[in-house]
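The next block is start_8.cif, given as mmCIF, C-alpha atoms.
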data_entry
loop_
_atom_site.label_atom_id
_atom_site.label_comp_id
_atom_site.auth_asym_id
_atom_site.auth_seq_id
_atom_site.Cartn_x
_atom_site.Cartn_y
_atom_site.Cartn_z
CA MET A 1 0.00 0.00 0.00
CA PRO A 2 1.33 3.48 -0.77
CA ARG A 3 2.64 5.66 2.07
CA TYR A 4 2.01 9.39 2.29
CA ILE A 5 3.36 12.33 4.27
CA ILE A 6 0.72 14.99 4.98
CA GLU A 7 1.65 18.52 5.96
CA ARG A 8 -0.95 20.26 8.10
CA SER A 9 -0.92 23.92 9.15
CA VAL A 10 -2.65 24.38 12.50
CA PRO A 11 -2.43 27.96 13.82
CA GLY A 12 -2.41 28.22 17.61
CA LEU A 13 -1.40 24.57 17.90
CA ASN A 14 -1.33 23.30 21.48
CA ARG A 15 -1.91 20.07 23.42
CA GLU A 16 -5.66 20.60 23.70
CA ILE A 17 -5.98 20.97 19.93
CA LEU A 18 -3.75 17.93 19.42
CA ASN A 19 -5.84 15.80 21.79
CA LYS A 20 -9.10 16.75 20.05
CA ALA A 21 -7.64 16.27 16.57
CA GLY A 22 -6.12 12.89 17.45
CA ALA A 23 -9.35 11.62 18.98
CA LYS A 24 -11.41 12.77 15.99
CA SER A 25 -8.89 11.26 13.58
CA ASN A 26 -9.10 7.88 15.33
CA GLU A 27 -12.89 8.05 15.31
CA VAL A 28 -12.91 8.61 11.54
CA LEU A 29 -10.26 5.93 10.96
CA ARG A 30 -12.50 3.31 12.58
CA GLY A 31 -14.82 3.77 9.60
CA MET A 32 -12.00 3.83 7.03
CA PRO A 33 -10.04 0.59 7.50
CA GLU A 34 -8.12 1.18 4.26
CA VAL A 35 -6.42 4.26 5.80
CA VAL A 36 -3.79 3.73 8.51
CA TRP A 37 -2.22 6.49 10.60
CA ILE A 38 1.40 5.49 11.24
CA LYS A 39 2.72 8.44 13.26
CA SER A 40 3.01 12.21 13.29
CA TYR A 41 5.63 14.82 14.03
CA VAL A 42 4.53 18.07 15.67
CA SER A 43 6.12 21.52 15.64
CA GLU A 44 4.09 23.67 18.03
CA ALA A 45 6.44 26.58 17.35
CA GLU A 46 5.64 26.49 13.61
CA GLY A 47 2.03 25.37 13.96
CA LYS A 48 2.70 22.34 11.75
CA ILE A 49 1.93 18.64 11.95
CA TYR A 50 3.56 16.15 9.59
CA CYS A 51 1.63 12.89 9.45
CA GLU A 52 2.60 9.55 7.99
CA TYR A 53 -0.26 7.44 6.58
CA ASP A 54 -0.75 4.30 4.54
CA ALA A 55 -3.67 4.63 2.14
CA PRO A 56 -4.71 3.30 -1.25
CA ASN A 57 -4.49 6.76 -2.85
CA PRO A 58 -4.27 10.50 -2.05
CA GLU A 59 -8.04 10.83 -2.36
CA ALA A 60 -8.50 8.51 0.64
CA VAL A 61 -6.11 10.68 2.65
CA LEU A 62 -8.08 13.79 1.68
CA GLU A 63 -11.38 12.12 2.55
CA HIS A 64 -10.04 11.23 6.00
CA ALA A 65 -8.92 14.84 6.52
CA ARG A 66 -12.33 16.13 5.38
CA ARG A 67 -14.26 13.81 7.70
CA ALA A 68 -11.96 14.57 10.63
CA GLY A 69 -12.03 18.33 10.01
CA LEU A 70 -8.25 18.43 9.59
CA PRO A 71 -6.25 20.51 7.13
CA ALA A 72 -4.20 18.71 4.50
CA ASP A 73 -2.04 21.42 2.95
CA LYS A 74 0.24 19.08 1.07
CA ILE A 75 0.17 15.32 0.44
CA SER A 76 3.37 13.68 -0.80
CA GLU A 77 3.67 10.03 -1.75
CA VAL A 78 6.76 8.36 -0.31
CA GLY A 79 8.72 6.79 -3.14
CA LEU A 80 11.58 5.39 -1.08
CA GLU A 81 12.25 5.08 2.62
CA ILE A 82 15.90 5.22 3.69
CA SER A 83 17.76 5.12 6.99
CA PRO A 84 21.37 5.61 8.15
CA ASP A 85 21.78 1.84 8.48
CA MET A 86 21.54 1.54 4.71
CA PHE A 87 24.80 3.45 4.19
CA PRO A 88 27.86 1.76 5.73
#
Take the structure in the file and give it back as structure tokens.
Amino acid sequence: MPRYIIERSVPGLNREILNKAGAKSNEVLRGMPEVVWIKSYVSEAEGKIYCEYDAPNPEAVLEHARRAGLPADKISEVGLEISPDMFP
């Protein structure tokens, strides 16, 4: 299944907003078994969340965002995943 990185701009980002967004996201995901939230990286200082998802296509990612009331400013498909261990 393709993997995507989603960039979300969330002005005034704080823990309360994160808690509500995460709970709503999980609620929506229960009805969308083809979409899997892997993890997210949060920059409160920049008001950004970068989320990693598996989904059949970008449209499914956008539909999840729409149902959850989350922004999806940019969706990028991951073509290759690398790590330091790959480079001796």
Looking at A:Ala23, A:Ala55, A:Val42, A:Ile49, which one is nearest to Ser9 (chain A), with distances taken over only C-alpha atoms?
->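 The closest residue to Ser9 (chain A) is A:Ile49.
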Residues picked by the PyMOL selection byres ((chain A and resi 8) around 10) here, as a count of residues only?
-> 19
CA of Glu59 (chain A) to CA of Ile38 (chain A), straight-line distance in Å = 17.4 Å
Box time for region 19-32 of chain A: axis-aligned, enclosing all its listed atoms, 4 Å extra on each side; report centre and edge lengths in Å to one decimal, as JSON.
{"center_x": -10.3, "center_y": 10.0, "center_z": 14.4, "size_x": 17.0, "size_y": 21.4, "size_z": 22.8}
What would the list of residues within 7 Å of (2.6, 4.0, 9.9) (file frame) look like as JSON, numbers by chain, if all atoms listed in the file are what count?
-> {"A": [36, 37, 38, 39, 52, 53, 54]}
Residue members of the PyMOL selection byres ((chain A and resi 14) around 10) in the file shown, as a list in words | Val10, Pro11, Gly12, Leu13, Arg15, Glu16, Ile17, Leu18, Asn19, Val42, Ser43, Glu44, Ala45 and Gly47 of chain A
Please evaluate the PyMOL selection byres ((chain A and resi 81) around 12) against the structure above and give the resulting residues as a list in words.
-> Pro2, Arg3, Tyr4, Ile5, Glu52, Glu77, Val78, Gly79, Leu80, Ile82, Ser83, Pro84, Asp85 and Met86 of chain A
In Å, rounded to a single decimal, give me how far CA of Ser76 (chain A) is from CA of Ala60 (chain A).
-> 13.0 Å
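Of the residues listed (A:Pro56, A:Gly31, A:Pro88, A:Gly22), A:Pro56 shows the shortest atom-to-atom separation from Met1 (chain A); distances use all atoms listed in the file.
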d(CA of Arg67 (chain A), CA of Met32 (chain A)) in Å = 10.3 Å
Kindly indicate which residue among A:Ala68, A:Phe87, A:Glu46, A:Pro58 lies nearest to Val28 (chain A), using only C-alpha atoms for the distances.
->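 The answer is A:Ala68, which sits nearest to Val28 (chain A).
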Would you please take region 28-42 of chain A of the structure in the block above and write all heavy atoms to a file as a PDB file, in the first residue's frame?
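Printed below is decode04.pdb as written:
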ATOM      1  N   VAL A  28     -12.687   8.715  12.984  1.00  0.00           N
ATOM      2  CA  VAL A  28     -12.908   8.607  11.541  1.00  0.00           C
ATOM      3  C   VAL A  28     -12.216   7.367  10.981  1.00  0.00           C
ATOM      4  O   VAL A  28     -12.781   6.649  10.146  1.00  0.00           O
ATOM      5  CB  VAL A  28     -12.429   9.894  10.822  1.00  0.00           C
ATOM      6  CG1 VAL A  28     -12.427   9.713   9.317  1.00  0.00           C
ATOM      7  CG2 VAL A  28     -13.299  11.083  11.223  1.00  0.00           C
ATOM      8  N   LEU A  29     -11.013   7.086  11.458  1.00  0.00           N
ATOM      9  CA  LEU A  29     -10.263   5.929  10.956  1.00  0.00           C
ATOM     10  C   LEU A  29     -10.982   4.610  11.229  1.00  0.00           C
ATOM     11  O   LEU A  29     -10.838   3.655  10.442  1.00  0.00           O
ATOM     12  CB  LEU A  29      -8.863   5.904  11.560  1.00  0.00           C
ATOM     13  CG  LEU A  29      -7.901   6.969  11.025  1.00  0.00           C
ATOM     14  CD1 LEU A  29      -6.634   7.010  11.864  1.00  0.00           C
ATOM     15  CD2 LEU A  29      -7.579   6.725   9.559  1.00  0.00           C
ATOM     16  N   ARG A  30     -11.747   4.544  12.288  1.00  0.00           N
ATOM     17  CA  ARG A  30     -12.496   3.310  12.577  1.00  0.00           C
ATOM     18  C   ARG A  30     -13.469   2.974  11.443  1.00  0.00           C
ATOM     19  O   ARG A  30     -13.779   1.807  11.217  1.00  0.00           O
ATOM     20  CB  ARG A  30     -13.217   3.415  13.917  1.00  0.00           C
ATOM     21  CG  ARG A  30     -12.260   3.285  15.095  1.00  0.00           C
ATOM     22  CD  ARG A  30     -12.992   3.118  16.419  1.00  0.00           C
ATOM     23  NE  ARG A  30     -13.457   4.362  16.996  1.00  0.00           N
ATOM     24  CZ  ARG A  30     -12.691   5.229  17.668  1.00  0.00           C
ATOM     25  NH1 ARG A  30     -11.408   4.980  17.850  1.00  0.00           N
ATOM     26  NH2 ARG A  30     -13.210   6.332  18.165  1.00  0.00           N
ATOM     27  N   GLY A  31     -13.924   3.978  10.727  1.00  0.00           N
ATOM     28  CA  GLY A  31     -14.821   3.767   9.599  1.00  0.00           C
ATOM     29  C   GLY A  31     -14.116   3.740   8.251  1.00  0.00           C
ATOM     30  O   GLY A  31     -14.774   3.621   7.217  1.00  0.00           O
ATOM     31  N   MET A  32     -12.793   3.854   8.265  1.00  0.00           N
ATOM     32  CA  MET A  32     -12.000   3.833   7.035  1.00  0.00           C
ATOM     33  C   MET A  32     -10.836   2.855   7.198  1.00  0.00           C
ATOM     34  O   MET A  32      -9.685   3.268   7.297  1.00  0.00           O
ATOM     35  CB  MET A  32     -11.469   5.231   6.719  1.00  0.00           C
ATOM     36  CG  MET A  32     -12.521   6.291   6.483  1.00  0.00           C
ATOM     37  SD  MET A  32     -11.799   7.910   6.060  1.00  0.00           S
ATOM     38  CE  MET A  32     -11.306   7.600   4.352  1.00  0.00           C
ATOM     39  N   PRO A  33     -11.102   1.564   7.221  1.00  0.00           N
ATOM     40  CA  PRO A  33     -10.037   0.592   7.500  1.00  0.00           C
ATOM     41  C   PRO A  33      -8.914   0.572   6.462  1.00  0.00           C
ATOM     42  O   PRO A  33      -7.825   0.067   6.747  1.00  0.00           O
ATOM     43  CB  PRO A  33     -10.775  -0.743   7.545  1.00  0.00           C
ATOM     44  CG  PRO A  33     -12.048  -0.523   6.809  1.00  0.00           C
ATOM     45  CD  PRO A  33     -12.396   0.926   6.997  1.00  0.00           C
ATOM     46  N   GLU A  34      -9.161   1.143   5.293  1.00  0.00           N
ATOM     47  CA  GLU A  34      -8.116   1.181   4.264  1.00  0.00           C
ATOM     48  C   GLU A  34      -7.091   2.286   4.506  1.00  0.00           C
ATOM     49  O   GLU A  34      -6.065   2.349   3.833  1.00  0.00           O
ATOM     50  CB  GLU A  34      -8.750   1.345   2.875  1.00  0.00           C
ATOM     51  CG  GLU A  34      -9.314   2.725   2.576  1.00  0.00           C
ATOM     52  CD  GLU A  34     -10.684   3.043   3.177  1.00  0.00           C
ATOM     53  OE1 GLU A  34     -11.204   2.279   4.006  1.00  0.00           O
ATOM     54  OE2 GLU A  34     -11.232   4.091   2.812  1.00  0.00           O
ATOM     55  N   VAL A  35      -7.343   3.157   5.462  1.00  0.00           N
ATOM     56  CA  VAL A  35      -6.424   4.258   5.795  1.00  0.00           C
ATOM     57  C   VAL A  35      -5.834   3.979   7.174  1.00  0.00           C
ATOM     58  O   VAL A  35      -6.565   3.717   8.128  1.00  0.00           O
ATOM     59  CB  VAL A  35      -7.162   5.619   5.783  1.00  0.00           C
ATOM     60  CG1 VAL A  35      -6.221   6.753   6.172  1.00  0.00           C
ATOM     61  CG2 VAL A  35      -7.786   5.877   4.408  1.00  0.00           C
ATOM     62  N   VAL A  36      -4.494   4.041   7.255  1.00  0.00           N
ATOM     63  CA  VAL A  36      -3.794   3.731   8.508  1.00  0.00           C
ATOM     64  C   VAL A  36      -2.878   4.898   8.875  1.00  0.00           C
ATOM     65  O   VAL A  36      -2.006   5.281   8.088  1.00  0.00           O
ATOM     66  CB  VAL A  36      -2.967   2.435   8.374  1.00  0.00           C
ATOM     67  CG1 VAL A  36      -2.221   2.142   9.667  1.00  0.00           C
ATOM     68  CG2 VAL A  36      -3.854   1.268   7.978  1.00  0.00           C
ATOM     69  N   TRP A  37      -3.078   5.433  10.067  1.00  0.00           N
ATOM     70  CA  TRP A  37      -2.219   6.494  10.599  1.00  0.00           C
ATOM     71  C   TRP A  37      -1.014   5.812  11.239  1.00  0.00           C
ATOM     72  O   TRP A  37      -1.149   5.034  12.179  1.00  0.00           O
ATOM     73  CB  TRP A  37      -3.009   7.304  11.622  1.00  0.00           C
ATOM     74  CG  TRP A  37      -2.276   8.390  12.344  1.00  0.00           C
ATOM     75  CD1 TRP A  37      -1.076   8.968  12.019  1.00  0.00           C
ATOM     76  CD2 TRP A  37      -2.727   9.063  13.520  1.00  0.00           C
ATOM     77  NE1 TRP A  37      -0.766   9.946  12.911  1.00  0.00           N
ATOM     78  CE2 TRP A  37      -1.756  10.026  13.859  1.00  0.00           C
ATOM     79  CE3 TRP A  37      -3.851   8.931  14.315  1.00  0.00           C
ATOM     80  CZ2 TRP A  37      -1.884  10.850  14.956  1.00  0.00           C
ATOM     81  CZ3 TRP A  37      -3.978   9.765  15.411  1.00  0.00           C
ATOM     82  CH2 TRP A  37      -3.001  10.717  15.727  1.00  0.00           C
ATOM     83  N   ILE A  38       0.176   6.101  10.738  1.00  0.00           N
ATOM     84  CA  ILE A  38       1.403   5.489  11.237  1.00  0.00           C
ATOM     85  C   ILE A  38       1.945   6.279  12.424  1.00  0.00           C
ATOM     86  O   ILE A  38       2.127   5.750  13.507  1.00  0.00           O
ATOM     87  CB  ILE A  38       2.481   5.398  10.127  1.00  0.00           C
ATOM     88  CG1 ILE A  38       1.930   4.699   8.880  1.00  0.00           C
ATOM     89  CG2 ILE A  38       3.743   4.733  10.649  1.00  0.00           C
ATOM     90  CD1 ILE A  38       1.455   3.298   9.084  1.00  0.00           C
ATOM     91  N   LYS A  39       2.240   7.549  12.198  1.00  0.00           N
ATOM     92  CA  LYS A  39       2.721   8.444  13.258  1.00  0.00           C
ATOM     93  C   LYS A  39       2.732   9.867  12.739  1.00  0.00           C
ATOM     94  O   LYS A  39       2.584  10.104  11.548  1.00  0.00           O
ATOM     95  CB  LYS A  39       4.102   8.045  13.775  1.00  0.00           C
ATOM     96  CG  LYS A  39       5.206   8.129  12.743  1.00  0.00           C
ATOM     97  CD  LYS A  39       6.527   7.676  13.342  1.00  0.00           C
ATOM     98  CE  LYS A  39       7.388   7.038  12.271  1.00  0.00           C
ATOM     99  NZ  LYS A  39       8.569   6.416  12.822  1.00  0.00           N
ATOM    100  N   SER A  40       2.956  10.800  13.657  1.00  0.00           N
ATOM    101  CA  SER A  40       3.006  12.212  13.294  1.00  0.00           C
ATOM    102  C   SER A  40       4.133  12.903  14.041  1.00  0.00           C
ATOM    103  O   SER A  40       4.539  12.465  15.117  1.00  0.00           O
ATOM    104  CB  SER A  40       1.677  12.905  13.639  1.00  0.00           C
ATOM    105  OG  SER A  40       0.628  12.363  12.879  1.00  0.00           O
ATOM    106  N   TYR A  41       4.601  13.973  13.439  1.00  0.00           N
ATOM    107  CA  TYR A  41       5.627  14.824  14.032  1.00  0.00           C
ATOM    108  C   TYR A  41       5.016  16.212  14.178  1.00  0.00           C
ATOM    109  O   TYR A  41       4.406  16.721  13.243  1.00  0.00           O
ATOM    110  CB  TYR A  41       6.870  14.890  13.137  1.00  0.00           C
ATOM    111  CG  TYR A  41       7.465  13.530  12.880  1.00  0.00           C
ATOM    112  CD1 TYR A  41       7.073  12.770  11.779  1.00  0.00           C
ATOM    113  CD2 TYR A  41       8.406  12.999  13.756  1.00  0.00           C
ATOM    114  CE1 TYR A  41       7.608  11.518  11.554  1.00  0.00           C
ATOM    115  CE2 TYR A  41       8.949  11.743  13.529  1.00  0.00           C
ATOM    116  CZ  TYR A  41       8.543  11.014  12.428  1.00  0.00           C
ATOM    117  OH  TYR A  41       9.068   9.764  12.210  1.00  0.00           O
ATOM    118  N   VAL A  42       5.192  16.816  15.345  1.00  0.00           N
ATOM    119  CA  VAL A  42       4.528  18.074  15.667  1.00  0.00           C
ATOM    120  C   VAL A  42       5.551  19.165  15.941  1.00  0.00           C
ATOM    121  O   VAL A  42       6.503  18.960  16.699  1.00  0.00           O
ATOM    122  CB  VAL A  42       3.618  17.905  16.912  1.00  0.00           C
ATOM    123  CG1 VAL A  42       2.980  19.218  17.303  1.00  0.00           C
ATOM    124  CG2 VAL A  42       2.577  16.826  16.659  1.00  0.00           C
TER     125      VAL A  42
END
